[in-house]
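As stored in run-v2.cif (mmCIF, C-alpha atoms):
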```
data_model
loop_
_atom_site.label_atom_id
_atom_site.label_comp_id
_atom_site.auth_asym_id
_atom_site.auth_seq_id
_atom_site.Cartn_x
_atom_site.Cartn_y
_atom_site.Cartn_z
CA MET A 1 97.36 118.33 120.37
CA PRO A 2 98.24 120.80 123.04
CA SER A 3 99.28 124.33 122.39
CA ALA A 4 102.86 125.24 123.14
CA SER A 5 105.40 127.94 122.55
CA THR A 6 107.46 127.51 119.45
CA GLY A 7 110.64 128.28 121.26
CA ALA A 8 111.53 130.63 118.40
CA PRO A 9 113.58 133.66 119.37
CA THR A 10 111.86 137.00 119.36
CA THR A 11 112.98 139.00 116.35
CA MET A 12 112.80 142.64 115.45
CA GLY A 13 110.91 144.44 112.73
CA ALA A 14 108.68 142.56 110.35
CA LEU A 15 109.20 139.19 111.93
CA SER A 16 108.29 140.00 115.49
CA SER A 17 104.79 139.64 116.88
CA PRO A 18 103.29 142.69 118.51
CA SER A 19 101.99 142.47 122.02
CA PRO A 20 98.69 140.58 122.18
CA GLU A 21 95.87 142.62 120.76
CA PRO A 22 92.86 143.31 122.97
CA THR A 23 90.23 140.66 122.39
CA SER A 24 87.66 143.41 121.78
CA SER A 25 89.54 144.47 118.61
CA ARG A 26 89.28 141.03 117.06
CA LEU A 27 86.50 139.46 115.01
CA ALA A 28 84.24 136.65 116.17
CA PRO A 29 80.76 135.36 115.31
CA GLY A 30 78.30 138.15 116.00
CA VAL A 31 80.93 140.89 115.69
CA PRO A 32 80.43 143.29 112.72
CA GLY A 33 82.70 142.35 109.84
CA TYR A 34 83.08 138.66 110.76
CA ARG A 35 80.69 137.42 108.08
CA ARG A 36 82.27 139.63 105.41
CA MET A 37 85.71 138.39 106.38
CA SER A 38 84.59 134.76 106.36
CA PHE A 39 82.98 135.02 102.93
CA ALA A 40 85.93 136.97 101.49
CA LEU A 41 88.44 134.33 102.58
CA PHE A 42 86.01 131.64 101.48
CA THR A 43 86.08 133.08 97.94
CA ALA A 44 89.88 133.28 98.10
CA GLY A 45 89.96 129.61 99.04
CA VAL A 46 87.63 128.78 96.16
CA ALA A 47 89.83 130.60 93.65
CA THR A 48 93.04 129.12 95.06
CA PHE A 49 92.02 125.48 94.81
CA ALA A 50 90.10 125.91 91.54
CA LEU A 51 93.18 127.41 89.86
CA LEU A 52 95.78 125.26 91.57
CA TYR A 53 94.13 121.97 90.61
CA SER A 54 92.47 123.11 87.39
CA THR A 55 94.18 120.44 85.26
CA GLN A 56 93.73 117.53 87.67
CA ALA A 57 90.36 116.30 86.39
CA LEU A 58 91.57 116.89 82.81
CA LEU A 59 94.69 114.71 82.95
CA PRO A 60 93.28 111.90 80.76
CA ALA A 61 92.28 114.48 78.11
CA VAL A 62 95.67 116.21 78.33
CA SER A 63 97.39 112.82 77.97
CA ASP A 64 95.36 112.00 74.87
CA ASP A 65 95.81 115.42 73.24
CA PHE A 66 99.56 115.69 73.77
CA GLY A 67 100.28 111.95 73.58
CA VAL A 68 101.98 111.77 76.98
CA THR A 69 101.78 109.29 79.87
CA ALA A 70 99.87 109.77 83.11
CA SER A 71 103.15 110.45 84.93
CA ALA A 72 104.10 113.20 82.44
CA ALA A 73 100.62 114.77 82.51
CA SER A 74 100.63 114.75 86.33
CA TRP A 75 103.39 117.38 86.23
CA THR A 76 100.77 119.95 85.20
CA VAL A 77 99.51 119.58 88.78
CA SER A 78 102.79 118.81 90.58
CA ALA A 79 104.61 121.78 89.00
CA ALA A 80 101.97 124.18 90.37
CA THR A 81 101.88 122.70 93.87
CA GLY A 82 105.66 122.34 94.00
CA ALA A 83 106.22 125.98 92.98
CA LEU A 84 103.71 127.10 95.60
CA ALA A 85 105.56 125.09 98.25
CA LEU A 86 108.88 126.70 97.34
CA CYS A 87 107.54 130.28 97.18
CA VAL A 88 105.17 130.40 100.13
CA LEU A 89 107.88 131.17 102.72
CA PRO A 90 109.54 134.14 100.92
CA LEU A 91 106.12 135.58 100.02
CA SER A 92 105.00 135.27 103.63
CA ALA A 93 107.97 137.48 104.54
CA LEU A 94 106.71 140.05 102.05
CA SER A 95 103.32 139.92 103.75
CA GLU A 96 105.01 141.00 106.99
CA ARG A 97 106.27 144.11 105.24
CA PHE A 98 103.47 145.01 102.83
CA GLY A 99 100.46 143.51 104.60
CA ARG A 100 98.38 140.35 104.39
CA VAL A 101 95.53 141.93 102.42
CA ARG A 102 97.76 143.53 99.79
CA LEU A 103 99.77 140.36 99.17
CA MET A 104 96.68 138.17 98.93
CA THR A 105 95.12 140.61 96.44
CA VAL A 106 98.21 140.74 94.21
CA SER A 107 98.58 136.97 94.34
CA LEU A 108 94.98 136.38 93.30
CA VAL A 109 95.13 138.91 90.46
CA VAL A 110 98.37 137.51 88.99
CA ALA A 111 97.22 133.89 89.33
CA THR A 112 93.89 134.73 87.70
CA VAL A 113 95.54 136.46 84.74
CA LEU A 114 97.76 133.42 84.27
CA GLY A 115 94.64 131.25 84.51
CA LEU A 116 93.30 133.05 81.46
CA LEU A 117 96.58 132.42 79.58
CA VAL A 118 97.06 128.73 80.46
CA PRO A 119 94.44 127.46 77.93
CA PHE A 120 96.61 128.76 75.09
CA ALA A 121 99.69 126.68 75.99
CA PRO A 122 100.99 125.26 72.67
CA GLY A 123 102.53 122.10 74.14
CA PRO A 124 103.01 120.12 77.37
CA GLU A 125 106.26 121.91 78.26
CA TRP A 126 104.59 125.31 78.01
CA LEU A 127 101.60 124.06 79.98
CA VAL A 128 103.83 122.80 82.82
CA ALA A 129 105.85 126.04 82.82
CA LEU A 130 102.78 128.29 82.97
CA ARG A 131 101.30 126.15 85.72
CA ALA A 132 104.52 126.44 87.73
CA VAL A 133 104.41 130.25 87.51
CA GLN A 134 100.74 130.18 88.46
CA GLY A 135 101.51 128.06 91.52
CA ALA A 136 104.24 130.51 92.55
CA ALA A 137 101.75 133.38 92.28
CA LEU A 138 99.20 131.55 94.40
CA ALA A 139 101.80 131.08 97.15
CA GLY A 140 100.98 134.49 98.60
CA ILE A 141 97.49 133.41 99.64
CA PRO A 142 97.67 130.46 102.07
CA ALA A 143 100.24 131.68 104.60
CA SER A 144 98.96 135.26 104.45
CA ALA A 145 95.40 134.08 105.01
CA MET A 146 96.36 132.00 108.06
CA ALA A 147 98.37 134.89 109.52
CA TYR A 148 95.51 137.32 108.82
CA LEU A 149 93.09 135.06 110.67
CA ALA A 150 95.47 134.57 113.61
CA GLU A 151 95.77 138.36 113.99
CA GLU A 152 92.17 139.39 113.30
CA VAL A 153 90.07 136.59 114.86
CA ARG A 154 89.59 135.84 118.55
CA PRO A 155 91.46 132.69 119.66
CA LYS A 156 88.32 130.73 120.53
CA ALA A 157 86.90 131.34 117.04
CA LEU A 158 90.16 130.62 115.19
CA VAL A 159 89.62 126.92 114.42
CA ALA A 160 86.14 127.62 113.04
CA ALA A 161 87.41 130.56 110.94
CA ILE A 162 90.26 128.52 109.47
CA GLY A 163 87.79 125.69 108.91
CA LEU A 164 85.69 128.02 106.75
CA PHE A 165 88.76 129.01 104.72
CA VAL A 166 89.60 125.34 104.22
CA ALA A 167 85.95 124.77 103.30
CA GLY A 168 86.44 127.34 100.54
CA ASN A 169 89.35 125.23 99.34
CA SER A 170 87.11 122.19 99.12
CA ILE A 171 84.39 124.10 97.24
CA GLY A 172 87.01 125.46 94.85
CA GLY A 173 88.45 122.01 94.27
CA MET A 174 85.00 120.55 93.69
CA SER A 175 83.55 123.29 91.48
CA GLY A 176 86.71 123.60 89.40
CA ARG A 177 86.75 119.90 88.65
CA ILE A 178 83.03 119.69 87.91
CA VAL A 179 83.16 122.71 85.59
CA THR A 180 86.25 121.42 83.78
CA GLY A 181 84.77 117.94 83.43
CA TRP A 182 81.57 119.00 81.69
CA VAL A 183 83.09 121.84 79.68
CA ALA A 184 85.87 119.52 78.49
CA GLN A 185 83.32 116.93 77.38
CA LEU A 186 81.51 119.56 75.31
CA TRP A 187 84.31 121.83 74.04
CA GLY A 188 87.66 120.33 75.09
CA TRP A 189 90.11 120.77 77.95
CA ARG A 190 91.32 124.20 76.82
CA ALA A 191 87.83 125.66 77.07
CA ALA A 192 87.53 124.00 80.49
CA LEU A 193 90.64 125.79 81.77
CA ALA A 194 89.30 129.09 80.40
CA ALA A 195 86.07 128.54 82.36
CA VAL A 196 88.06 128.12 85.59
CA GLY A 197 89.94 131.34 84.82
CA LEU A 198 86.66 133.24 84.47
CA MET A 199 85.38 131.75 87.73
CA ALA A 200 88.57 132.98 89.43
CA VAL A 201 87.91 136.50 88.11
CA VAL A 202 84.56 136.57 89.93
CA CYS A 203 86.11 135.24 93.15
CA THR A 204 88.95 137.79 93.03
CA VAL A 205 86.55 140.72 92.65
CA ALA A 206 84.37 139.44 95.51
CA PHE A 207 87.40 138.94 97.76
CA ARG A 208 88.68 142.48 97.25
CA LEU A 209 85.29 144.08 97.79
CA LEU A 210 84.39 142.10 100.93
CA LEU A 211 87.57 141.63 102.99
CA PRO A 212 87.67 144.03 105.98
CA LYS A 213 90.76 146.14 106.49
CA ALA A 214 93.32 144.57 108.83
CA ARG A 215 93.11 146.18 112.27
CA ASN A 216 95.86 144.34 114.13
CA PHE A 217 98.66 144.16 111.55
CA THR A 218 101.88 146.02 112.30
CA PRO A 219 104.23 146.35 109.27
CA GLY A 220 107.97 146.15 109.59
CA SER A 221 111.08 146.26 107.45
CA LEU A 222 112.31 143.17 105.63
CA ASN A 223 115.13 141.54 107.56
CA PRO A 224 116.61 138.36 106.01
CA SER A 225 118.64 137.48 109.11
CA ALA A 226 115.56 137.84 111.31
CA LEU A 227 113.62 135.65 108.87
CA ALA A 228 116.33 133.00 109.08
CA ARG A 229 116.29 133.10 112.90
CA THR A 230 112.52 132.80 112.98
CA VAL A 231 112.51 129.88 110.54
CA ARG A 232 115.24 128.10 112.53
CA GLY A 233 113.21 128.63 115.68
CA HIS A 234 110.12 127.06 114.12
CA LEU A 235 112.08 124.16 112.63
CA SER A 236 113.60 123.43 116.05
CA ASP A 237 110.17 123.19 117.68
CA PRO A 238 109.19 119.49 117.92
CA LEU A 239 105.44 120.14 117.95
CA LEU A 240 105.54 122.33 114.86
CA MET A 241 107.71 119.80 113.04
CA ARG A 242 105.18 117.06 113.81
CA LEU A 243 102.35 119.25 112.51
CA TYR A 244 104.29 119.95 109.31
CA GLY A 245 104.85 116.22 108.81
CA ILE A 246 101.17 115.46 109.40
CA GLY A 247 100.07 118.08 106.87
CA ALA A 248 102.51 116.76 104.25
CA LEU A 249 101.46 113.13 104.70
CA PHE A 250 97.72 113.84 104.63
CA MET A 251 98.22 115.82 101.42
CA THR A 252 100.32 113.01 99.93
CA VAL A 253 97.29 110.73 100.24
CA PHE A 254 94.92 113.30 98.83
CA GLY A 255 97.20 114.33 95.96
CA ALA A 256 97.81 110.72 94.92
CA VAL A 257 94.14 109.71 94.99
CA TYR A 258 92.73 112.69 93.11
CA THR A 259 95.51 112.81 90.52
CA VAL A 260 94.89 109.19 89.51
CA ILE A 261 91.15 108.71 90.08
CA GLY A 262 90.26 110.16 86.66
CA TYR A 263 92.38 107.55 84.89
CA ARG A 264 90.74 104.78 86.88
CA LEU A 265 87.20 105.94 86.21
CA VAL A 266 87.61 106.50 82.47
CA GLY A 267 89.12 103.02 82.11
CA ALA A 268 87.65 99.55 82.56
CA PRO A 269 85.51 98.40 84.31
CA PHE A 270 83.84 101.82 84.74
CA SER A 271 84.50 103.59 81.39
CA LEU A 272 82.84 106.83 82.51
CA PRO A 273 82.71 109.90 80.21
CA GLN A 274 84.72 113.00 81.14
CA GLY A 275 81.70 114.98 82.35
CA VAL A 276 80.61 112.24 84.74
CA VAL A 277 84.17 111.88 86.04
CA GLY A 278 84.16 115.61 86.79
CA SER A 279 80.88 115.26 88.66
CA VAL A 280 82.46 112.66 90.94
CA PHE A 281 84.23 115.57 92.61
CA LEU A 282 80.91 116.52 94.23
CA VAL A 283 82.29 114.46 97.11
CA TYR A 284 84.31 117.59 97.95
CA LEU A 285 81.14 118.81 99.66
CA VAL A 286 81.95 116.27 102.36
CA GLY A 287 85.27 118.04 102.85
CA THR A 288 83.42 121.34 103.24
CA VAL A 289 81.38 119.86 106.09
CA SER A 290 84.23 118.01 107.80
CA SER A 291 86.64 120.98 107.73
CA ALA A 292 83.98 123.38 109.02
CA ALA A 293 83.18 120.87 111.80
CA ALA A 294 86.83 120.53 112.86
CA GLY A 295 86.37 122.95 115.75
CA ARG A 296 83.56 120.84 117.25
CA LEU A 297 85.59 117.65 116.77
CA VAL A 298 88.52 119.15 118.67
CA GLY A 299 86.17 120.29 121.44
CA ARG A 300 84.83 116.76 121.91
CA LEU A 301 87.85 114.57 121.18
CA GLY A 302 90.85 116.84 121.66
CA ARG A 303 93.34 117.51 118.88
CA ARG A 304 94.95 114.09 118.90
CA GLY A 305 91.56 112.39 119.08
CA ALA A 306 90.35 114.39 116.08
CA LEU A 307 93.49 113.40 114.16
CA TYR A 308 92.98 109.71 114.95
CA LEU A 309 89.40 109.95 113.72
CA ALA A 310 90.60 111.61 110.50
CA VAL A 311 93.22 108.87 110.02
CA GLY A 312 90.69 106.07 110.58
CA THR A 313 88.23 107.63 108.15
CA THR A 314 90.90 108.06 105.46
CA THR A 315 92.15 104.49 105.89
CA ALA A 316 88.66 103.05 105.60
CA GLY A 317 88.11 105.03 102.41
CA LEU A 318 91.35 103.82 100.84
CA LEU A 319 90.54 100.17 101.54
CA LEU A 320 86.95 100.50 100.35
CA SER A 321 88.05 102.10 97.07
CA LEU A 322 89.84 98.88 96.07
CA ALA A 323 86.53 97.21 95.18
CA ASP A 324 85.54 97.07 91.50
CA SER A 325 82.20 98.64 92.34
CA LEU A 326 81.41 102.24 91.45
CA THR A 327 79.33 102.62 94.61
CA ALA A 328 82.22 101.38 96.77
CA VAL A 329 84.72 103.63 95.00
CA LEU A 330 82.50 106.68 95.47
CA LEU A 331 81.93 105.90 99.15
CA GLY A 332 85.66 105.40 99.53
CA LEU A 333 86.28 108.85 98.01
CA VAL A 334 83.75 110.33 100.42
CA LEU A 335 85.61 108.88 103.42
CA ILE A 336 89.05 109.85 102.08
CA THR A 337 87.87 113.42 101.47
CA ALA A 338 86.20 113.75 104.88
CA GLY A 339 89.26 112.40 106.68
CA PHE A 340 91.72 114.55 104.75
CA PHE A 341 89.92 117.87 105.21
CA ALA A 342 89.28 117.23 108.92
CA GLY A 343 92.93 116.33 109.49
CA HIS A 344 94.16 119.33 107.52
CA ALA A 345 91.91 121.77 109.40
CA VAL A 346 93.05 120.40 112.79
CA ALA A 347 96.76 120.44 111.89
CA SER A 348 96.75 123.89 110.26
CA SER A 349 94.81 125.51 113.11
CA SER A 350 97.21 123.88 115.60
CA VAL A 351 100.11 125.61 113.85
CA SER A 352 98.39 128.99 114.18
CA ARG A 353 97.72 128.39 117.88
CA THR A 354 101.20 127.05 118.59
CA ALA A 355 103.27 129.80 116.97
CA THR A 356 103.69 132.74 119.36
CA THR A 357 106.21 134.56 117.15
CA GLY A 358 106.56 134.76 113.36
CA ARG A 359 103.04 133.54 112.69
CA ALA A 360 103.25 134.06 108.95
CA GLN A 361 106.46 132.04 108.76
CA ALA A 362 105.02 129.22 110.89
CA SER A 363 101.99 129.02 108.61
CA ALA A 364 104.21 129.32 105.53
CA LEU A 365 106.33 126.37 106.62
CA TYR A 366 103.17 124.33 107.13
CA GLN A 367 101.92 125.30 103.69
CA SER A 368 105.30 124.42 102.18
CA ALA A 369 105.18 120.96 103.72
CA TYR A 370 101.51 120.59 102.77
CA TYR A 371 102.00 121.43 99.09
CA LEU A 372 105.23 119.48 98.83
CA GLY A 373 103.10 116.56 99.99
CA SER A 374 100.61 117.37 97.24
CA SER A 375 103.35 117.54 94.62
CA ALA A 376 104.93 114.30 95.81
CA GLY A 377 101.55 112.59 96.07
CA GLY A 378 100.55 113.57 92.54
CA THR A 379 103.79 112.38 90.99
CA LEU A 380 104.27 109.25 93.11
CA GLY A 381 100.59 108.37 92.84
CA ALA A 382 100.81 108.44 89.04
CA VAL A 383 104.00 106.34 89.11
CA ALA A 384 102.37 103.86 91.50
CA PHE A 385 99.29 103.67 89.26
CA HIS A 386 101.45 103.06 86.19
CA SER A 387 103.34 100.29 88.02
CA GLY A 388 100.64 98.57 90.05
CA GLY A 389 97.28 100.02 89.06
CA TRP A 390 94.89 101.49 91.61
CA ALA A 391 96.16 99.06 94.26
CA GLY A 392 99.61 100.66 93.94
CA THR A 393 98.14 104.12 94.56
CA VAL A 394 96.19 102.85 97.57
CA LEU A 395 99.35 101.26 99.00
CA LEU A 396 101.13 104.61 98.73
CA GLY A 397 98.21 106.25 100.56
CA LEU A 398 98.25 103.65 103.34
CA LEU A 399 101.98 104.17 103.89
CA ALA A 400 101.40 107.93 104.22
CA VAL A 401 98.54 107.34 106.69
CA LEU A 402 100.81 105.06 108.72
CA GLY A 403 103.25 107.96 108.89
CA VAL A 404 100.53 110.22 110.34
CA VAL A 405 99.70 107.61 112.99
CA SER A 406 103.38 107.21 113.91
CA ILE A 407 103.87 110.96 114.30
CA THR A 408 100.72 111.37 116.39
CA LEU A 409 101.60 108.42 118.65
CA TYR A 410 105.08 109.82 119.16
CA GLY A 411 103.52 113.19 120.06
CA SER A 412 101.34 111.48 122.67
CA TYR A 413 104.38 109.69 124.12
CA ALA A 414 106.41 112.91 124.23
CA ALA A 415 103.55 114.76 125.96
CA ARG A 416 103.25 112.06 128.64
CA ALA A 417 107.02 112.11 129.13
CA ARG A 418 106.94 115.88 129.72
CA GLU A 419 104.11 115.48 132.22
CA ARG A 420 106.07 112.85 134.19
CA ARG A 421 109.26 114.91 134.45
CA PRO A 422 108.04 117.35 137.15
CA VAL A 423 106.74 114.42 139.21
CA LEU A 424 110.05 112.56 138.96
CA SER A 425 111.99 115.73 139.76
CA ALA A 426 109.89 116.37 142.87
CA ALA A 427 110.37 112.79 144.03
CA ALA A 428 114.13 113.10 143.55
CA VAL A 429 114.19 116.27 145.67
CA ARG A 430 112.27 114.56 148.49
CA HIS A 431 114.76 111.67 148.55
#
```
Encoded form (structure tokens):
Amino acid sequence: MPSASTGAPTTMGALSSPSPEPTSSRLAPGVPGYRRMSFALFTAGVATFALLYSTQALLPAVSDDFGVTASAASWTVSAATGALALCVLPLSALSERFGRVRLMTVSLVVATVLGLLVPFAPGPEWLVALRAVQGAALAGIPASAMAYLAEEVRPKALVAAIGLFVAGNSIGGMSGRIVTGWVAQLWGWRAALAAVGLMAVVCTVAFRLLLPKARNFTPGSLNPSALARTVRGHLSDPLLMRLYGIGALFMTVFGAVYTVIGYRLVGAPFSLPQGVVGSVFLVYLVGTVSSAAAGRLVGRLGRRGALYLAVGTTTAGLLLSLADSLTAVLLGLVLITAGFFAGHAVASSSVSRTATTGRAQASALYQSAYYLGSSAGGTLGAVAFHSGGWAGTVLLGLLAVLGVVSITLYGSYAARARERRPVLSAAAVRH
């Protein structure tokens, strides 16, 4: 997917982009500080996904303990992702004023403290409410991290750097679910959530100690009208809007599948114990590899080619998961996970490359769409499972994948149309 200007108006103060920083001041592989930065953001990604989806593998246990349906229990995930989606844009504006590093640090600390309180929720309403506040706190991390990378990393290394951050997400999602699965089997779901909170404490400390100071950030004053102009500019850019739609649809698939898979595996014909169900999330390691390899995929296939490969892989995984064979279901999850993380890494890095002004807001809008897709996928996936079983959830995923294909095909058509216009104009002048 080609890079292009957003067409957003240049704004003053916090929402304007400074003149391009000298390449020598930016980080890249081999430059001092690059490894520390990569590992710091990796740990932030681990903490973010571990906390954000901490209840997902525990939904059957939560349903049993509180006596609620799968759809009701799924709100412990959807409330967190939905609150993150709503708060990521205003918090990204704060990052323009107070700095990416400061906002990410505060967000991690608050979310971690809440993670230590969530296990004590007395009922499902309290659990959903605490999870919503936790999701809002986590909103400061994704858009700030993308903007930090866009400012501090050399353009040629940006896709790989974002891929490593996304890889941290996959490790966090995997480790959080595995830990909660086994701890819940031994001591219950409340102890499992406490274990995730303690893991987040370690990640938060490592992040703060390792992340290098921002060298290319220029603070500015908060300006609501400038924020509105920048957001309107991004929302009027066709390429950015397509990338936002792609991120939302990919996450709809992923949210639906991983919200419901626990219910399928603990039921017939598999009847797996909670600890084994948690271990199924080892397939997230595939996402770590595919997201980190996104840069190489784009280099070989181009951005649209990499997206088509991600779509094909996800579709194959959805269809394979329909079989009543544990081996087939696990292989299907592997393909779904690989396709999702590759597609997400390509789309999110394309946003960072495309936006020439208001980078934090461009990334924030992507994250809003992405997590709204997660919230919708979790809720709709549970409803589809309740209505039509696993086949209903797969159908929802296939419809979302079809949406990604449609958007990407339209983008290809629009790009070819733009390329033909100068030729047609020149021919008209000659005649």
Run the PyMOL selection byres ((chain A and resi 382) around 9) mentally over the shown coordinates, then write out the matched residues as an NGL selection string, using the chain letters and numbers from the document.
-> :A and (70-72 or 74 or 256 or 259-260 or 377-381 or 383-387 or 393)
Print the selection's residues with C-alpha atoms to a file, as a compact mmCIF listing (two decimals), keeping the file's coordinate frame.
```txt
# COMPACT_ATOMS: atom_id res chain seq x y z
CA ALA A 70 99.87 109.77 83.11
CA SER A 71 103.15 110.45 84.93
CA ALA A 72 104.10 113.20 82.44
CA SER A 74 100.63 114.75 86.33
CA ALA A 256 97.81 110.72 94.92
CA THR A 259 95.51 112.81 90.52
CA VAL A 260 94.89 109.19 89.51
CA GLY A 377 101.55 112.59 96.07
CA GLY A 378 100.55 113.57 92.54
CA THR A 379 103.79 112.38 90.99
CA LEU A 380 104.27 109.25 93.11
CA GLY A 381 100.59 108.37 92.84
CA VAL A 383 104.00 106.34 89.11
CA ALA A 384 102.37 103.86 91.50
CA PHE A 385 99.29 103.67 89.26
CA HIS A 386 101.45 103.06 86.19
CA SER A 387 103.34 100.29 88.02
CA THR A 393 98.14 104.12 94.56
```
Work out how far apart CA of Leu399 in chain A and CA of Ser350 in chain A are and give it in Å to one decimal.
-> 23.4 Å
Distance query range 295-310 of chain A at most 7 Å, only C-alpha atoms, self and fewer than 3 positions along chain excluded, as a ChimeraX atom specification | /A:1,159-160,313-314,339-340,342-343,346,408
In Å and to one decimal, CA of Val77 in chain A is distant from CA of Asp324 in chain A by 26.6 Å
Take the PyMOL selection byres ((chain A and resi 95-105) around 9), apply it to the structure above, and return the hits as JSON, numbers by chain.
-> {"A": [13, 14, 15, 44, 90, 91, 92, 93, 94, 106, 107, 108, 109, 110, 138, 139, 140, 141, 142, 143, 144, 145, 147, 148, 204, 207, 208, 211, 212, 213, 214, 217, 218, 219, 220, 221, 222, 360]}
For the contact check between range 11-104 of chain A and range 113-132 of chain A, emit one row per residue of range 11-104 of chain A within 8 Å, containing the shortest atom pair and the distance in Å rounded to one decimal, counting all atoms listed in the file, chain then rising number order, as JSON lines.
```
{"residue": "A:Leu51", "atom": "CA", "partner": "A:Gly115", "partner_atom": "CA", "distance": 6.7}
{"residue": "A:Phe66", "atom": "CA", "partner": "A:Pro124", "partner_atom": "CA", "distance": 6.7}
{"residue": "A:Ala73", "atom": "CA", "partner": "A:Pro124", "partner_atom": "CA", "distance": 7.8}
{"residue": "A:Trp75", "atom": "CA", "partner": "A:Val128", "partner_atom": "CA", "distance": 6.4}
{"residue": "A:Thr76", "atom": "CA", "partner": "A:Val128", "partner_atom": "CA", "distance": 4.8}
{"residue": "A:Val77", "atom": "CA", "partner": "A:Arg131", "partner_atom": "CA", "distance": 7.5}
{"residue": "A:Ala79", "atom": "CA", "partner": "A:Ala132", "partner_atom": "CA", "distance": 4.8}
{"residue": "A:Ala80", "atom": "CA", "partner": "A:Ala132", "partner_atom": "CA", "distance": 4.3}
{"residue": "A:Thr81", "atom": "CA", "partner": "A:Ala132", "partner_atom": "CA", "distance": 7.7}
{"residue": "A:Gly82", "atom": "CA", "partner": "A:Ala132", "partner_atom": "CA", "distance": 7.6}
{"residue": "A:Ala83", "atom": "CA", "partner": "A:Ala132", "partner_atom": "CA", "distance": 5.5}
{"residue": "A:Leu84", "atom": "CA", "partner": "A:Ala132", "partner_atom": "CA", "distance": 7.9}
```
On this file, the PyMOL selection byres ((chain A and resi 149-155) around 9) gives some set of residues; write that set as a list in words.
->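 With the shown file as input, the PyMOL selection byres ((chain A and resi 149-155) around 9) matches Pro20, Glu21, Thr23, Ser24, Ser25, Arg26, Leu27, Ala28, Tyr34, Ser144, Ala145, Met146, Ala147, Tyr148, Lys156, Ala157, Leu158, Val159, Ala161, Ile162, Ala214, Arg215, Asn216, Phe217, Ser352, Arg353 and Arg359 of chain A.
Minimum atom-to-atom distance to Leu210 in chain A, evaluated using all atoms listed in the file, belongs to A:Ser38 out of A:Thr180, A:Ser78, A:Ser38, A:Ser63.
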